[in-house]
Amino acid sequence: MGTNKWVRLALNGGRRVMAANDDRHDYFDRVSMPICGVDLTGEITAWNPRIAKLSGISREDAAGKPLVEFIAPESKSVVQNMIKQACNNLDSTKLVWLNAKGNGCSEVLFSASAWSNEQGSIRGCTLFVLDMSDLREDFREHEFINRPG
């Protein structure tokens with residue numbers, strides 16, 4: 001399954017579960033992938049255990065801070081634009097650099113989608129995160145195996 005299709009499935013599934021569940025923090029904690037949520041200003045409102053593990057930043061340390069505080073300088077404007085687009089109901093997916101506490105930077109795929117309340121008002125956005133480092137290793141291994149003599 002291609003990455004774009006995988007991300008679309010994750011986002012669509014996330015919308016259904018969040019619409020059926022008032023407590024999105026409970027949903028975020030059950031998701032088996034790194035995920036975070038931000039409000040309309042880009043401040044972190046949700047940070048699940050998987051993104052805490054990936055970034056080395058605890059939920060307590062992330063809560064209420066601007067997401068871009070944890071993004072590498074060269075990716076800050078990309079993430080700010082993604083949040084703005086998602087808050088205008090335009091989904092987007094981009095490769096960005098996440099600052100990982102004590103581990104330098106990790107290349108991740110962020111997929112942002114609007115999060116709405118029960119009345120349909122956009123309250124912020126949800127960001128699904130895919131760590132690209134493992135995939136990069138898989139690609140390198142695959143290229144090595146298939147490289148001619």
# chains A, B, ... in the order shown; residues from 1 in each chain; ligands from 1
$ residues_around --residues "range 114-127 of chain A" --least-positions-apart "3" --cutoff "8 Å" --atoms "only C-alpha atoms" --output "CSV table (one decimal) with N, CA, C and O atoms, in the first residue's frame"
chain,number,residue,atom,x,y,z
A,15,ARG,N,-11.0,10.4,11.7
A,15,ARG,CA,-12.2,11.3,11.7
A,15,ARG,C,-13.4,10.5,12.3
A,15,ARG,O,-14.1,11.1,13.1
A,19,ALA,N,-15.2,11.6,15.8
A,19,ALA,CA,-16.5,12.0,15.7
A,19,ALA,C,-17.4,11.2,16.7
A,19,ALA,O,-18.4,11.8,17.2
A,35,ILE,N,1.0,10.5,17.2
A,35,ILE,CA,0.0,11.5,16.8
A,35,ILE,C,0.0,12.6,17.8
A,35,ILE,O,0.2,12.4,19.0
A,36,CYS,N,-0.3,13.8,17.3
A,36,CYS,CA,-0.5,14.9,18.2
A,36,CYS,C,-1.6,15.8,17.7
A,36,CYS,O,-2.0,15.7,16.6
A,37,GLY,N,-2.1,16.7,18.6
A,37,GLY,CA,-3.1,17.6,18.2
A,37,GLY,C,-2.7,19.0,18.6
A,37,GLY,O,-2.0,19.2,19.6
A,38,VAL,N,-3.1,20.0,17.8
A,38,VAL,CA,-2.8,21.4,18.1
A,38,VAL,C,-4.1,22.2,18.0
A,38,VAL,O,-5.1,21.8,17.2
A,39,ASP,N,-4.2,23.3,18.7
A,39,ASP,CA,-5.4,24.2,18.5
A,39,ASP,C,-5.2,25.1,17.3
A,39,ASP,O,-4.2,25.0,16.6
A,40,LEU,N,-6.1,26.1,17.2
A,40,LEU,CA,-6.0,27.0,16.0
A,40,LEU,C,-4.8,27.8,16.0
A,40,LEU,O,-4.4,28.3,14.9
A,41,THR,N,-4.1,28.0,17.1
A,41,THR,CA,-2.9,28.8,17.2
A,41,THR,C,-1.6,28.0,17.0
A,41,THR,O,-0.5,28.5,17.0
A,42,GLY,N,-1.8,26.7,16.9
A,42,GLY,CA,-0.6,25.8,16.8
A,42,GLY,C,0.0,25.3,18.1
A,42,GLY,O,1.0,24.7,18.1
A,83,ILE,N,-0.4,23.6,9.4
A,83,ILE,CA,-1.4,23.8,10.5
A,83,ILE,C,-2.5,24.8,10.0
A,83,ILE,O,-3.7,24.6,10.1
A,86,ALA,N,-4.7,23.0,7.4
A,86,ALA,CA,-5.6,22.1,8.1
A,86,ALA,C,-6.7,22.8,8.8
A,86,ALA,O,-7.9,22.4,8.7
A,87,CYS,N,-6.4,23.9,9.4
A,87,CYS,CA,-7.4,24.7,10.1
A,87,CYS,C,-8.4,25.4,9.1
A,87,CYS,O,-9.4,25.9,9.5
A,88,ASN,N,-8.0,25.4,7.8
A,88,ASN,CA,-8.9,25.8,6.8
A,88,ASN,C,-9.5,24.6,6.0
A,88,ASN,O,-9.9,24.8,4.9
A,89,ASN,N,-9.5,23.5,6.6
A,89,ASN,CA,-10.0,22.2,6.1
A,89,ASN,C,-9.3,21.7,4.8
A,89,ASN,O,-10.0,21.1,4.0
A,90,LEU,N,-8.0,22.0,4.7
A,90,LEU,CA,-7.2,21.5,3.6
A,90,LEU,C,-6.2,20.5,4.2
A,90,LEU,O,-5.2,21.0,4.8
A,91,ASP,N,-6.3,19.2,4.0
A,91,ASP,CA,-5.4,18.3,4.5
A,91,ASP,C,-4.1,18.4,3.7
A,91,ASP,O,-4.0,18.8,2.5
A,110,PHE,N,4.6,14.2,8.3
A,110,PHE,CA,3.5,14.8,9.0
A,110,PHE,C,2.3,14.8,8.1
A,110,PHE,O,2.4,15.2,7.0
A,111,SER,N,1.2,14.3,8.6
A,111,SER,CA,-0.1,14.4,7.8
A,111,SER,C,-1.1,15.1,8.7
A,111,SER,O,-1.4,14.7,9.7
$ residues_around --residues "range 94-101 of chain A" --least-positions-apart "4" --cutoff "8 Å" --atoms "only C-alpha atoms" --output "list in words"
Leu54, Ser55, Gly56, Ile57, Phe70, Ile71, Ala72, Glu74, Ser75, Val78, Val79, Cys105, Ser106, Glu107, Val108, Leu109, Phe110 and Ser111 of chain A
$ select_by_dssp --residues "range 55-142 of chain A" --states "strand (DSSP E or B)" --output "number ranges by chain"
A: 66, 71, 92-100, 104-116, 122-131
$ write_last_selection --atoms "C-alpha atoms" --output "short mmCIF file (atom, residue, chain, number, x, y, z; two decimals), in the first residue's frame"
data_model
loop_
_atom_site.label_atom_id
_atom_site.label_comp_id
_atom_site.auth_asym_id
_atom_site.auth_seq_id
_atom_site.Cartn_x
_atom_site.Cartn_y
_atom_site.Cartn_z
CA PRO A 66 3.76 25.73 20.12
CA ILE A 71 10.51 21.32 14.85
CA SER A 92 -1.66 18.12 3.72
CA THR A 93 1.24 15.71 4.06
CA LYS A 94 4.89 16.80 4.16
CA LEU A 95 8.32 15.52 5.12
CA VAL A 96 9.69 17.57 8.02
CA TRP A 97 12.45 17.41 10.60
CA LEU A 98 11.35 16.80 14.19
CA ASN A 99 13.82 17.71 16.95
CA ALA A 100 14.22 14.59 19.03
CA GLY A 104 19.26 15.11 17.11
CA CYS A 105 16.61 15.35 14.40
CA SER A 106 14.33 12.71 12.95
CA GLU A 107 12.89 12.92 9.46
CA VAL A 108 9.16 12.33 9.76
CA LEU A 109 6.13 12.45 7.53
CA PHE A 110 3.49 14.76 9.04
CA SER A 111 -0.06 14.42 7.80
CA ALA A 112 -2.34 17.20 9.05
CA SER A 113 -6.11 17.19 9.06
CA ALA A 114 -8.72 19.49 10.62
CA TRP A 115 -10.28 18.46 13.91
CA SER A 116 -13.86 19.62 14.44
CA ILE A 122 -12.87 23.50 13.34
CA ARG A 123 -11.03 23.55 16.69
CA GLY A 124 -7.51 22.75 15.48
CA CYS A 125 -5.78 19.94 13.68
CA THR A 126 -4.55 16.42 14.18
CA LEU A 127 -1.10 15.42 12.94
CA PHE A 128 -0.34 11.78 12.23
CA VAL A 129 3.40 11.13 12.25
CA LEU A 130 5.35 8.47 10.38
CA ASP A 131 9.02 8.04 11.32
#
$ atom_distance --atom1 "CA of Pro73 in chain A" --atom2 "CA of Val31 in chain A"
28.1 Å
$ atom_distance --atom1 "CA of Ser77 in chain A" --atom2 "CA of Met132 in chain A"
19.8 Å
$ closest_residue --among "A:Ala63, A:Ala52, A:Ser133, A:Ala46" --to "Pro34 in chain A" --atoms "only C-alpha atoms"
A:Ala52
